[in-house]
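**Q** Structure: protein26.txt, compact mmCIF, C-alpha atoms.
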# COMPACT_ATOMS: atom_id res chain seq x y z
CA MET K 1 0.00 0.00 0.00
CA ARG K 2 1.30 3.46 -0.91
CA LEU K 3 1.32 5.99 1.92
CA PHE K 4 1.20 9.75 1.33
CA PHE K 5 2.10 12.62 3.65
CA ASP K 6 3.80 16.02 3.49
CA SER K 7 5.73 17.38 6.47
CA ARG K 8 4.03 20.78 6.12
CA GLN K 9 0.84 19.17 7.41
CA ARG K 10 2.44 19.33 10.86
CA LEU K 11 2.77 23.13 10.87
CA HIS K 12 -0.78 23.96 11.97
CA ALA K 13 -0.63 24.03 15.78
CA PRO K 14 -3.14 26.27 17.57
CA ALA K 15 -2.50 26.81 21.26
CA ARG K 16 -6.05 26.33 22.50
CA GLU K 17 -9.72 25.95 21.63
CA PHE K 18 -12.89 27.15 23.36
CA HIS K 19 -14.83 24.04 24.38
CA ASN K 20 -17.60 23.33 26.89
CA GLY K 21 -17.53 26.82 28.30
CA GLY K 22 -13.81 27.35 28.72
CA TRP K 23 -10.36 27.37 27.13
CA THR K 24 -8.73 23.99 26.74
CA PRO K 25 -5.57 22.78 24.98
CA TYR K 26 -6.09 22.12 21.27
CA ALA K 27 -6.79 18.40 20.79
CA GLU K 28 -5.83 18.01 17.12
CA VAL K 29 -2.09 18.24 17.72
CA PRO K 30 0.80 17.63 15.27
CA GLU K 31 1.92 14.73 17.47
CA ARG K 32 -0.96 12.75 16.01
CA VAL K 33 0.89 12.30 12.72
CA VAL K 34 4.19 11.68 14.50
CA ALA K 35 2.60 8.67 16.20
CA ILE K 36 1.11 7.36 12.96
CA LEU K 37 4.33 7.80 11.00
CA ALA K 38 6.23 5.87 13.66
CA ALA K 39 3.87 2.93 13.18
CA LEU K 40 3.66 3.00 9.38
CA GLY K 41 7.17 3.74 8.20
CA PRO K 42 8.23 5.55 5.01
CA VAL K 43 5.76 7.73 3.12
CA GLU K 44 5.69 9.45 -0.27
CA ALA K 45 5.40 13.22 -0.62
CA PRO K 46 2.46 14.31 -2.80
CA ALA K 47 2.88 16.27 -6.03
CA ASP K 48 1.66 19.85 -6.09
CA THR K 49 -1.41 20.08 -8.33
CA GLY K 50 -2.26 23.66 -7.40
CA GLU K 51 -5.46 25.19 -6.09
CA ALA K 52 -7.72 24.16 -8.98
CA PRO K 53 -8.89 20.85 -7.42
CA ILE K 54 -9.56 22.66 -4.14
CA LEU K 55 -11.62 25.34 -5.88
CA ARG K 56 -13.73 22.63 -7.54
CA VAL K 57 -15.16 22.06 -4.05
CA HIS K 58 -14.51 25.16 -1.95
CA ASP K 59 -15.75 28.72 -2.39
CA ALA K 60 -13.08 31.13 -3.64
CA GLY K 61 -13.90 33.69 -0.96
CA TYR K 62 -13.48 31.05 1.72
CA VAL K 63 -10.13 29.94 0.31
CA ASP K 64 -8.98 33.56 0.31
CA PHE K 65 -10.08 33.84 3.94
CA LEU K 66 -8.01 30.78 4.91
CA LYS K 67 -4.97 32.26 3.20
CA SER K 68 -5.30 35.79 4.61
CA ALA K 69 -7.10 35.49 7.96
CA TYR K 70 -4.07 35.35 10.23
CA ASP K 71 -2.36 38.34 8.62
CA ARG K 72 -5.58 40.34 8.86
CA TRP K 73 -5.93 39.29 12.50
CA VAL K 74 -2.46 40.53 13.34
CA ALA K 75 -3.03 43.73 11.34
CA ALA K 76 -6.11 44.38 13.51
CA GLY K 77 -3.88 44.30 16.57
CA ARG K 78 -4.95 40.90 17.87
CA ASP K 79 -2.85 38.38 19.74
CA GLY K 80 -3.00 34.62 19.49
CA ASP K 81 -4.85 32.55 16.91
CA VAL K 82 -7.84 33.63 14.82
CA ILE K 83 -11.07 32.58 16.52
CA ALA K 84 -14.60 33.89 16.02
CA TYR K 85 -16.98 35.14 18.67
CA ALA K 86 -20.08 35.88 16.54
CA TRP K 87 -21.78 33.69 13.93
CA PRO K 88 -24.61 34.52 11.48
CA VAL K 89 -26.99 31.86 12.77
CA VAL K 90 -30.21 33.87 12.51
CA ARG K 91 -30.00 34.84 8.84
CA ARG K 92 -26.95 34.39 6.66
CA ARG K 93 -26.83 37.48 4.45
CA ASP K 94 -24.65 37.97 1.39
CA VAL K 95 -23.08 41.20 2.57
CA ARG K 96 -19.60 42.60 2.08
CA LEU K 97 -17.56 42.09 5.24
CA GLU K 98 -14.28 43.78 6.11
CA ARG K 99 -13.62 43.26 9.81
CA ILE K 100 -11.70 40.08 10.52
CA ASP K 101 -14.01 39.22 13.44
CA ALA K 102 -16.98 39.23 11.06
CA LEU K 103 -15.12 37.16 8.47
CA ALA K 104 -14.12 34.63 11.11
CA GLY K 105 -17.77 34.17 12.04
CA ARG K 106 -18.83 34.05 8.39
CA TYR K 107 -16.36 31.31 7.47
CA THR K 108 -16.35 29.10 10.61
CA MET K 109 -19.01 27.06 12.40
CA ASP K 110 -17.53 26.79 15.91
CA ALA K 111 -14.95 28.04 18.41
CA VAL K 112 -12.78 24.90 18.37
CA THR K 113 -11.15 25.55 14.99
CA PRO K 114 -8.68 28.44 15.32
CA LEU K 115 -6.47 29.57 12.44
CA THR K 116 -2.76 30.19 12.77
CA ALA K 117 -0.06 31.60 10.51
CA ASP K 118 0.48 28.06 9.20
CA THR K 119 -3.09 26.83 8.80
CA TRP K 120 -3.29 27.42 5.06
CA ALA K 121 -0.01 25.65 4.37
CA SER K 122 -1.07 22.59 6.35
CA ALA K 123 -4.55 22.53 4.82
CA TYR K 124 -3.19 22.99 1.29
CA TRP K 125 -0.73 20.11 1.54
CA ASN K 126 -3.37 18.06 3.30
CA ALA K 127 -5.50 18.37 0.17
CA GLN K 128 -2.53 17.48 -2.04
CA THR K 129 -1.96 14.35 0.05
CA ALA K 130 -5.57 13.24 -0.48
CA LEU K 131 -5.32 13.96 -4.20
CA ALA K 132 -2.09 11.99 -4.55
CA ALA K 133 -3.58 8.94 -2.85
CA THR K 134 -6.69 9.18 -5.04
CA ARG K 135 -4.62 9.31 -8.21
CA ALA K 136 -2.65 6.28 -7.03
CA VAL K 137 -5.84 4.26 -6.55
CA LEU K 138 -7.22 5.34 -9.91
CA ASP K 139 -3.94 4.08 -11.40
CA GLY K 140 -4.53 0.66 -9.82
CA ASP K 141 -2.60 0.89 -6.54
CA LYS K 142 -3.80 0.75 -2.94
CA ALA K 143 -3.23 4.00 -1.06
CA PHE K 144 -3.63 5.73 2.30
CA ALA K 145 -3.46 9.50 2.75
CA LEU K 146 -2.29 10.57 6.18
CA CYS K 147 -4.53 13.62 6.19
CA ARG K 148 -3.92 16.12 8.94
CA PRO K 149 -5.77 18.32 9.82
CA PRO K 150 -8.91 16.20 9.30
CA GLY K 151 -11.45 17.32 6.73
CA HIS K 152 -14.99 16.01 6.99
CA HIS K 153 -16.50 18.87 9.07
CA ALA K 154 -15.40 21.53 6.57
CA GLY K 155 -18.09 22.69 4.17
CA ALA K 156 -17.68 24.45 0.87
CA ASP K 157 -17.37 27.79 2.65
CA TYR K 158 -16.74 27.11 6.31
CA ALA K 159 -14.25 25.53 8.70
CA GLY K 160 -15.20 23.59 11.81
CA GLY K 161 -14.45 20.59 13.96
CA TYR K 162 -10.67 21.01 13.45
CA CYS K 163 -11.24 20.87 9.65
CA HIS K 164 -10.41 23.49 7.01
CA LEU K 165 -10.46 21.80 3.59
CA ASN K 166 -12.68 18.79 3.02
CA THR K 167 -10.22 16.16 1.82
CA ALA K 168 -12.87 13.51 1.11
CA ALA K 169 -14.91 15.92 -0.99
CA ILE K 170 -11.84 17.17 -2.87
CA ALA K 171 -10.82 13.57 -3.57
CA ALA K 172 -14.34 12.61 -4.68
CA GLN K 173 -14.62 15.56 -7.06
CA ALA K 174 -11.17 14.84 -8.46
CA ALA K 175 -12.23 11.25 -9.13
CA ARG K 176 -15.38 12.46 -10.87
CA ASP K 177 -13.30 14.84 -12.98
CA ALA K 178 -10.96 11.95 -13.83
CA GLY K 179 -13.83 9.94 -15.29
CA CYS K 180 -15.43 8.06 -12.39
CA ALA K 181 -19.17 8.19 -12.99
CA ARG K 182 -20.11 7.36 -9.40
CA VAL K 183 -18.11 7.81 -6.20
CA ALA K 184 -19.06 6.65 -2.71
CA ILE K 185 -17.76 7.98 0.60
CA LEU K 186 -17.90 5.81 3.72
CA ASP K 187 -17.35 7.93 6.82
CA ILE K 188 -16.45 5.89 9.91
CA ASP K 189 -15.21 8.64 12.19
CA TYR K 190 -16.87 9.02 15.61
CA HIS K 191 -18.42 12.32 14.56
CA HIS K 192 -20.74 12.95 11.63
CA GLY K 193 -19.07 14.51 8.58
CA ASN K 194 -21.48 17.40 8.24
CA GLY K 195 -19.28 19.20 5.71
CA THR K 196 -19.07 16.22 3.36
CA GLN K 197 -22.81 15.71 3.57
CA ASP K 198 -23.44 19.39 2.94
CA ILE K 199 -21.21 19.50 -0.16
CA PHE K 200 -22.93 16.56 -1.87
CA TRP K 201 -26.41 17.04 -0.38
CA ASP K 202 -28.19 17.65 -3.69
CA ARG K 203 -26.01 15.54 -6.00
CA GLY K 204 -26.78 12.07 -7.27
CA ASP K 205 -23.27 11.16 -8.44
CA VAL K 206 -21.66 10.94 -4.98
CA PHE K 207 -23.08 8.65 -2.28
CA TYR K 208 -22.34 9.62 1.32
CA ALA K 209 -22.79 7.04 4.09
CA SER K 210 -21.83 7.84 7.67
CA LEU K 211 -21.66 5.84 10.90
CA HIS K 212 -21.28 8.16 13.87
CA ALA K 213 -22.31 9.02 17.40
CA ASP K 214 -25.93 10.11 17.61
CA PRO K 215 -25.97 13.90 17.08
CA ALA K 216 -28.66 14.09 19.75
CA THR K 217 -25.79 13.65 22.21
CA ASP K 218 -22.61 14.47 20.29
CA PHE K 219 -21.00 17.10 18.04
CA PRO K 220 -21.91 18.37 15.45
CA PHE K 221 -25.47 18.10 16.90
CA TYR K 222 -27.38 19.75 14.05
CA TRP K 223 -26.51 17.29 11.29
CA GLY K 224 -26.27 13.53 10.92
CA HIS K 225 -29.76 12.49 11.98
CA ALA K 226 -31.26 9.43 10.33
CA ASP K 227 -33.95 11.38 8.48
CA GLU K 228 -31.35 13.36 6.46
CA VAL K 229 -31.32 11.68 3.04
CA GLY K 230 -30.46 14.45 0.57
CA GLU K 231 -32.50 16.75 -1.64
CA GLY K 232 -33.24 17.15 -5.33
CA ALA K 233 -31.00 14.96 -7.45
CA GLY K 234 -29.35 13.81 -4.21
CA VAL K 235 -32.41 12.26 -2.60
CA GLY K 236 -31.38 8.80 -1.44
CA THR K 237 -27.62 9.35 -1.81
CA THR K 238 -27.12 10.35 1.83
CA LEU K 239 -27.33 7.62 4.49
CA ASN K 240 -26.86 8.44 8.17
CA LEU K 241 -26.57 5.65 10.73
CA PRO K 242 -26.32 7.31 14.16
CA LEU K 243 -25.19 5.02 16.98
CA PRO K 244 -25.44 5.35 20.77
CA GLN K 245 -22.52 6.12 23.01
CA GLY K 246 -20.93 2.87 24.20
CA THR K 247 -21.26 1.14 20.81
CA ARG K 248 -18.95 -1.88 20.48
CA LEU K 249 -17.75 -3.87 17.48
CA GLU K 250 -20.94 -5.88 17.00
CA GLY K 251 -23.15 -2.82 16.68
CA PHE K 252 -20.65 -0.82 14.65
CA ARG K 253 -19.96 -3.70 12.27
CA ALA K 254 -23.67 -4.29 11.70
CA ALA K 255 -24.18 -0.62 10.83
CA GLN K 256 -21.14 -0.65 8.55
CA GLY K 257 -22.59 -3.70 6.81
CA GLN K 258 -25.82 -1.78 6.25
CA ALA K 259 -23.82 1.10 4.75
CA LEU K 260 -21.80 -1.23 2.51
CA ASP K 261 -24.99 -2.86 1.24
CA ALA K 262 -26.37 0.57 0.31
CA ILE K 263 -23.10 1.50 -1.38
CA ALA K 264 -23.20 -1.78 -3.34
CA ARG K 265 -26.63 -0.84 -4.70
CA PHE K 266 -25.15 2.51 -5.76
CA ALA K 267 -22.37 0.59 -7.61
CA PRO K 268 -19.48 3.06 -7.25
CA ASP K 269 -16.41 3.23 -9.45
CA LEU K 270 -14.39 4.33 -6.40
CA LEU K 271 -14.83 4.16 -2.63
CA ILE K 272 -13.35 6.83 -0.36
CA VAL K 273 -13.09 5.87 3.31
CA SER K 274 -13.01 8.73 5.81
CA TYR K 275 -11.37 6.77 8.62
CA GLY K 276 -11.39 8.12 12.15
CA ALA K 277 -9.67 6.32 15.02
CA ASP K 278 -11.63 8.38 17.56
CA THR K 279 -14.01 5.41 17.76
CA TRP K 280 -11.33 3.70 19.91
CA GLU K 281 -12.29 2.77 23.48
CA GLY K 282 -9.77 5.16 25.07
CA ASP K 283 -10.24 8.24 22.91
CA PRO K 284 -10.35 11.32 25.15
CA ILE K 285 -13.21 13.12 23.36
CA SER K 286 -15.34 10.20 22.13
CA LYS K 287 -17.41 7.42 23.64
CA PHE K 288 -17.43 4.33 21.43
CA VAL K 289 -15.73 1.14 22.62
CA LEU K 290 -13.84 -0.28 19.64
CA THR K 291 -10.53 -2.03 20.30
CA THR K 292 -7.37 -1.90 18.23
CA CYS K 293 -8.00 -5.38 16.81
CA ASP K 294 -11.53 -4.39 15.78
CA TYR K 295 -10.21 -2.04 13.10
CA ALA K 296 -8.71 -4.88 11.09
CA VAL K 297 -12.08 -6.66 11.15
CA LEU K 298 -13.91 -3.59 9.89
CA ALA K 299 -11.31 -2.99 7.18
CA ARG K 300 -11.52 -6.60 5.95
CA ASP K 301 -15.27 -6.17 5.53
CA ILE K 302 -14.64 -3.09 3.40
CA ALA K 303 -11.90 -4.74 1.36
CA GLY K 304 -14.12 -7.74 0.73
CA CYS K 305 -16.47 -5.58 -1.33
CA GLY K 306 -13.79 -5.32 -4.00
CA TRP K 307 -14.08 -1.65 -4.93
CA PRO K 308 -10.99 0.46 -5.65
CA THR K 309 -10.58 2.16 -2.28
CA VAL K 310 -8.63 5.18 -1.08
CA THR K 311 -8.46 5.76 2.68
CA LEU K 312 -8.13 9.23 4.18
CA MET K 313 -7.31 9.92 7.83
CA GLU K 314 -9.86 11.87 9.83
CA GLY K 315 -9.98 12.04 13.66
CA GLY K 316 -8.41 10.13 16.53
CA TYR K 317 -7.04 11.91 19.58
CA ALA K 318 -5.53 9.23 21.82
CA VAL K 319 -2.04 9.94 20.53
CA ASP K 320 -0.26 7.05 22.21
CA ALA K 321 -2.61 4.48 20.64
CA LEU K 322 -3.12 6.19 17.31
CA GLY K 323 -0.31 4.49 15.39
CA ALA K 324 -1.45 1.00 16.38
CA ASN K 325 -5.07 1.78 15.54
CA VAL K 326 -4.23 3.09 12.07
CA ALA K 327 -1.86 0.19 11.39
CA SER K 328 -4.57 -2.28 12.38
CA PHE K 329 -7.06 -0.75 9.97
CA LEU K 330 -4.59 -0.67 7.09
CA SER K 331 -3.63 -4.29 7.76
CA GLY K 332 -7.24 -5.30 7.16
CA LEU K 333 -7.30 -3.51 3.85
Would you give me this structure, written as structure tokens?

**A**
Amino acid sequence: MRLFFDSRQRLHAPAREFHNGGWTPYAEVPERVVAILAALGPVEAPADTGEAPILRVHDAGYVDFLKSAYDRWVAAGRDGDVIAYAWPVVRRRDVRLERIDALAGRYTMDAVTPLTADTWASAYWNAQTALAATRAVLDGDKAFALCRPPGHHAGADYAGGYCHLNTAAIAAQAARDAGCARVAILDIDYHHGNGTQDIFWDRGDVFYASLHADPATDFPFYWGHADEVGEGAGVGTTLNLPLPQGTRLEGFRAAQGQALDAIARFAPDLLIVSYGADTWEGDPISKFVLTTCDYAVLARDIAGCGWPTVTLMEGGYAVDALGANVASFLSGL
């Protein structure tokens, strides 16, 4: 299996996030990839394909915000990382905004996703890593993209949940542009990938299936409920399978089997797996009870379907166990 990663993905390192009513150390730390690299061994650096594949998914104004936000923040006399304090939740108006505080609220969905001087560089090379792995699979190889920061909470024009560019969506669109008629995304992170769902909500050419903690109890709360199935041409190409806290292998595997059956009916040319290891029993911010060995079982079920498959890293915050958990999943593939 080919493994892709660029060292610039480690640069993004906010000091803190605002979570559950107070400041707390940022959970999505660069040490996550250090642990995974130690378990996996050598990786390939991705080629630079430019911004065009990113702009096929993300709004140009949002991309400009990611590139310029920190400099504008400093120019406004602010210290620390860029973080919003006001969001347009009542009515989102298409108005011209100048103040960085307003832009931060316009282009983010929460207070746990600060931007630093290095956020754009890490996000950009993160996207290139996903694209390189996708090209490798389309060429007939097996591939894993060590994506960091994660991507599935980022929408076309907003950051959130530690995510800035939606790597799964960028990969899926690139595959469509390369000639794949139908692409499926299987999201098996602890949290629902609201950004991925949002991007493909009204499209019939990309199937999005997600297993995740019930949003009635867990972030991102407002998306990922079972009655969300898509709209317009996308009706029926979104499948949400929310699971209760405390879910173990049996329940998770059964739900994944349900998702794989639905994907089989869709008959994709390519499968993208958004893999999160935050489903592990000791993850500090999640409450499923999967073991390290369970990941190989789940991966074998996916591999048994026979689709060309590219795997992208999403969450997982128990740093000491992260390498073993990723290695177990890749072994099953």

**Q** Each residue of region 238-322 of chain K lying at most 6 Å from region 211-229 of chain K should get a row with its shortest atom-to-atom pair and the distance in Å to one decimal, counting only C-alpha atoms; could you produce that, ordered by chain and increasing number, as JSON lines?

**A**
{"residue": "K:Thr238", "atom": "CA", "partner": "K:Val229", "partner_atom": "CA", "distance": 4.6}
{"residue": "K:Leu239", "atom": "CA", "partner": "K:Val229", "partner_atom": "CA", "distance": 5.9}
{"residue": "K:Asn240", "atom": "CA", "partner": "K:Ala226", "partner_atom": "CA", "distance": 5.0}
{"residue": "K:Leu241", "atom": "CA", "partner": "K:Leu211", "partner_atom": "CA", "distance": 4.9}
{"residue": "K:Pro242", "atom": "CA", "partner": "K:Asp214", "partner_atom": "CA", "distance": 4.5}
{"residue": "K:Leu243", "atom": "CA", "partner": "K:Ala213", "partner_atom": "CA", "distance": 4.9}
{"residue": "K:Pro244", "atom": "CA", "partner": "K:Asp214", "partner_atom": "CA", "distance": 5.7}

**Q** At what distance in Å, to one decimal, does CA of Ala299 (chain K) lie from CA of Ser122 (chain K)?

**A**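 Interatomic distance here is 27.6 Å.
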
**Q** When you look at Ala171 (chain K) with a cut-off of 8 Å (counting only C-alpha atoms), what residues show up, excluding the ones that are within fewer than 6 positions of it in the same chain? I need them as an NGL selection string.

**A** :K and (130-131 or 134 or 272)

**Q** Pick out the closest residue to Asp118 (chain K) from this set: K:Ala327, K:Val82, K:Ala156, K:Val273. Count only C-alpha atoms.

**A**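 Using only C-alpha atoms, the shortest distance to Asp118 (chain K) belongs to K:Val82.
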
**Q** Residues near Arg248 (chain K), anyone? I mean within 9 Å using all atoms listed in the file, not counting same-chain ones fewer than 2 positions away, as a PyMOL selection string.

**A** chain K and resi 246+250-253+281+288-291

**Q** In Å, how far is it from CA of Ile185 (chain K) to CA of Phe329 (chain K)?

**A** 16.7 Å

**Q** Choose the residue, out of K:Lys287, K:Lys142, K:Arg203, K:Arg176, that has the smallest atom-to-atom separation from Pro308 (chain K); count all atoms listed in the file.

**A** K:Lys142

**Q** Give as an mmCIF file with C-alpha atoms, in the frame of the given file the set of residues within 12 Å of the point (-32.9, 11.8, -7.6), where distances use the file's coordinates and only C-alpha atoms.

**A**
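The new file selection.cif reads:
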data_model
loop_
_atom_site.group_PDB
_atom_site.id
_atom_site.type_symbol
_atom_site.label_atom_id
_atom_site.label_comp_id
_atom_site.auth_asym_id
_atom_site.auth_seq_id
_atom_site.Cartn_x
_atom_site.Cartn_y
_atom_site.Cartn_z
ATOM 1 C CA TRP K 201 -26.410 17.040 -0.380
ATOM 2 C CA ASP K 202 -28.190 17.650 -3.690
ATOM 3 C CA ARG K 203 -26.010 15.540 -6.000
ATOM 4 C CA GLY K 204 -26.780 12.070 -7.270
ATOM 5 C CA ASP K 205 -23.270 11.160 -8.440
ATOM 6 C CA VAL K 206 -21.660 10.940 -4.980
ATOM 7 C CA PHE K 207 -23.080 8.650 -2.280
ATOM 8 C CA VAL K 229 -31.320 11.680 3.040
ATOM 9 C CA GLY K 230 -30.460 14.450 0.570
ATOM 10 C CA GLU K 231 -32.500 16.750 -1.640
ATOM 11 C CA GLY K 232 -33.240 17.150 -5.330
ATOM 12 C CA ALA K 233 -31.000 14.960 -7.450
ATOM 13 C CA GLY K 234 -29.350 13.810 -4.210
ATOM 14 C CA VAL K 235 -32.410 12.260 -2.600
ATOM 15 C CA GLY K 236 -31.380 8.800 -1.440
ATOM 16 C CA THR K 237 -27.620 9.350 -1.810
ATOM 17 C CA THR K 238 -27.120 10.350 1.830
#

**Q** From the list K:Ala145, K:Ala76, K:Ala154, K:Ile263, which residue is nearest Val326 (chain K) when using all atoms listed in the file?

**A**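 Result for the nearest residue to Val326 (chain K): K:Ala145.
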
**Q** In Å, with one decimal, what is the gap from CA of Val297 (chain K) to CA of Leu249 (chain K)?

**A** 8.9 Å

**Q** Which residue, K:Gly151, K:Gly21, K:Gly315, K:Pro14, has the smallest gap to Pro114 (chain K) when you use all atoms listed in the file?

**A** K:Pro14

**Q** Determine the nearest neighbour of Gly282 (chain K) from the options K:Ala121, K:Ala39, K:Val319, K:Ala178, counting only C-alpha atoms.

**A** K:Val319

**Q** Between K:Arg2, K:His153, K:Arg135, K:Arg32, which has the minimum distance to Ala169 (chain K) (counting all atoms listed in the file)?

**A** K:His153

**Q** With a distance cut-off of 12 Å and only C-alpha atoms, select the neighbouring residues of Ala60 (chain K), excluding the residue or stretch itself and same-chain residues fewer than 5 positions from it, and output the selection as a PyMOL selection string.

**A** chain K and resi 51-55+65-67+107+156-158

**Q** Store the residues picked out above in a file with C-alpha atoms, as a compact mmCIF listing (two decimals), in the frame of the given file.

**A**
# COMPACT_ATOMS: atom_id res chain seq x y z
CA GLU K 51 -5.46 25.19 -6.09
CA ALA K 52 -7.72 24.16 -8.98
CA PRO K 53 -8.89 20.85 -7.42
CA ILE K 54 -9.56 22.66 -4.14
CA LEU K 55 -11.62 25.34 -5.88
CA PHE K 65 -10.08 33.84 3.94
CA LEU K 66 -8.01 30.78 4.91
CA LYS K 67 -4.97 32.26 3.20
CA TYR K 107 -16.36 31.31 7.47
CA ALA K 156 -17.68 24.45 0.87
CA ASP K 157 -17.37 27.79 2.65
CA TYR K 158 -16.74 27.11 6.31

**Q** Report as lines of an AutoDock Vina configuration file the centre and the edge lengths, in Å to one decimal, of the axis-aligned box holding every listed atom of region 202-212 of chain K, padded by 6 Å on each side.

**A**
center_x = -24.7
center_y = 11.7
center_z = 2.7
size_x = 18.9
size_y = 23.8
size_z = 34.3

**Q** Residues near Asp283 (chain K), anyone? I mean within 6 Å using only C-alpha atoms, not counting same-chain ones fewer than 4 positions away, as a list in words.

**A** Asp278, Tyr317 and Ala318 of chain K

**Q** Kindly complete region 258-274 of chain K to N, CA and C atoms; the output should be written as a PDB file, keeping the file's coordinate frame.

**A**
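Below you can see out39.pdb, which holds the result:
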ATOM      1  N   GLN K 258     -24.647  -2.438   6.845  1.00  0.00           N
ATOM      2  CA  GLN K 258     -25.820  -1.780   6.250  1.00  0.00           C
ATOM      3  C   GLN K 258     -25.369  -0.705   5.260  1.00  0.00           C
ATOM      4  N   ALA K 259     -24.343   0.057   5.644  1.00  0.00           N
ATOM      5  CA  ALA K 259     -23.820   1.100   4.750  1.00  0.00           C
ATOM      6  C   ALA K 259     -23.202   0.482   3.503  1.00  0.00           C
ATOM      7  N   LEU K 260     -22.440  -0.588   3.663  1.00  0.00           N
ATOM      8  CA  LEU K 260     -21.800  -1.230   2.510  1.00  0.00           C
ATOM      9  C   LEU K 260     -22.834  -1.821   1.563  1.00  0.00           C
ATOM     10  N   ASP K 261     -23.923  -2.346   2.094  1.00  0.00           N
ATOM     11  CA  ASP K 261     -24.990  -2.860   1.240  1.00  0.00           C
ATOM     12  C   ASP K 261     -25.604  -1.724   0.405  1.00  0.00           C
ATOM     13  N   ALA K 262     -25.807  -0.573   1.035  1.00  0.00           N
ATOM     14  CA  ALA K 262     -26.370   0.570   0.310  1.00  0.00           C
ATOM     15  C   ALA K 262     -25.390   1.067  -0.745  1.00  0.00           C
ATOM     16  N   ILE K 263     -24.110   1.080  -0.414  1.00  0.00           N
ATOM     17  CA  ILE K 263     -23.100   1.500  -1.380  1.00  0.00           C
ATOM     18  C   ILE K 263     -23.050   0.515  -2.550  1.00  0.00           C
ATOM     19  N   ALA K 264     -23.203  -0.764  -2.270  1.00  0.00           N
ATOM     20  CA  ALA K 264     -23.200  -1.780  -3.340  1.00  0.00           C
ATOM     21  C   ALA K 264     -24.338  -1.534  -4.319  1.00  0.00           C
ATOM     22  N   ARG K 265     -25.496  -1.146  -3.809  1.00  0.00           N
ATOM     23  CA  ARG K 265     -26.630  -0.840  -4.700  1.00  0.00           C
ATOM     24  C   ARG K 265     -26.327   0.396  -5.547  1.00  0.00           C
ATOM     25  N   PHE K 266     -25.548   1.309  -5.021  1.00  0.00           N
ATOM     26  CA  PHE K 266     -25.150   2.510  -5.760  1.00  0.00           C
ATOM     27  C   PHE K 266     -24.127   2.176  -6.847  1.00  0.00           C
ATOM     28  N   ALA K 267     -23.363   1.096  -6.643  1.00  0.00           N
ATOM     29  CA  ALA K 267     -22.370   0.590  -7.610  1.00  0.00           C
ATOM     30  C   ALA K 267     -21.314   1.643  -7.955  1.00  0.00           C
ATOM     31  N   PRO K 268     -20.463   1.999  -6.994  1.00  0.00           N
ATOM     32  CA  PRO K 268     -19.480   3.060  -7.250  1.00  0.00           C
ATOM     33  C   PRO K 268     -18.293   2.570  -8.081  1.00  0.00           C
ATOM     34  N   ASP K 269     -17.676   3.503  -8.777  1.00  0.00           N
ATOM     35  CA  ASP K 269     -16.410   3.230  -9.450  1.00  0.00           C
ATOM     36  C   ASP K 269     -15.237   3.364  -8.482  1.00  0.00           C
ATOM     37  N   LEU K 270     -15.442   4.094  -7.388  1.00  0.00           N
ATOM     38  CA  LEU K 270     -14.390   4.330  -6.400  1.00  0.00           C
ATOM     39  C   LEU K 270     -15.047   4.509  -5.043  1.00  0.00           C
ATOM     40  N   LEU K 271     -14.404   3.948  -4.006  1.00  0.00           N
ATOM     41  CA  LEU K 271     -14.830   4.160  -2.630  1.00  0.00           C
ATOM     42  C   LEU K 271     -13.771   4.989  -1.911  1.00  0.00           C
ATOM     43  N   ILE K 272     -14.211   6.037  -1.225  1.00  0.00           N
ATOM     44  CA  ILE K 272     -13.350   6.830  -0.360  1.00  0.00           C
ATOM     45  C   ILE K 272     -13.760   6.550   1.074  1.00  0.00           C
ATOM     46  N   VAL K 273     -12.817   6.122   1.895  1.00  0.00           N
ATOM     47  CA  VAL K 273     -13.090   5.870   3.310  1.00  0.00           C
ATOM     48  C   VAL K 273     -12.538   7.022   4.135  1.00  0.00           C
ATOM     49  N   SER K 274     -13.417   7.736   4.819  1.00  0.00           N
ATOM     50  CA  SER K 274     -13.010   8.730   5.810  1.00  0.00           C
ATOM     51  C   SER K 274     -12.870   7.984   7.130  1.00  0.00           C
TER      52      SER K 274
END
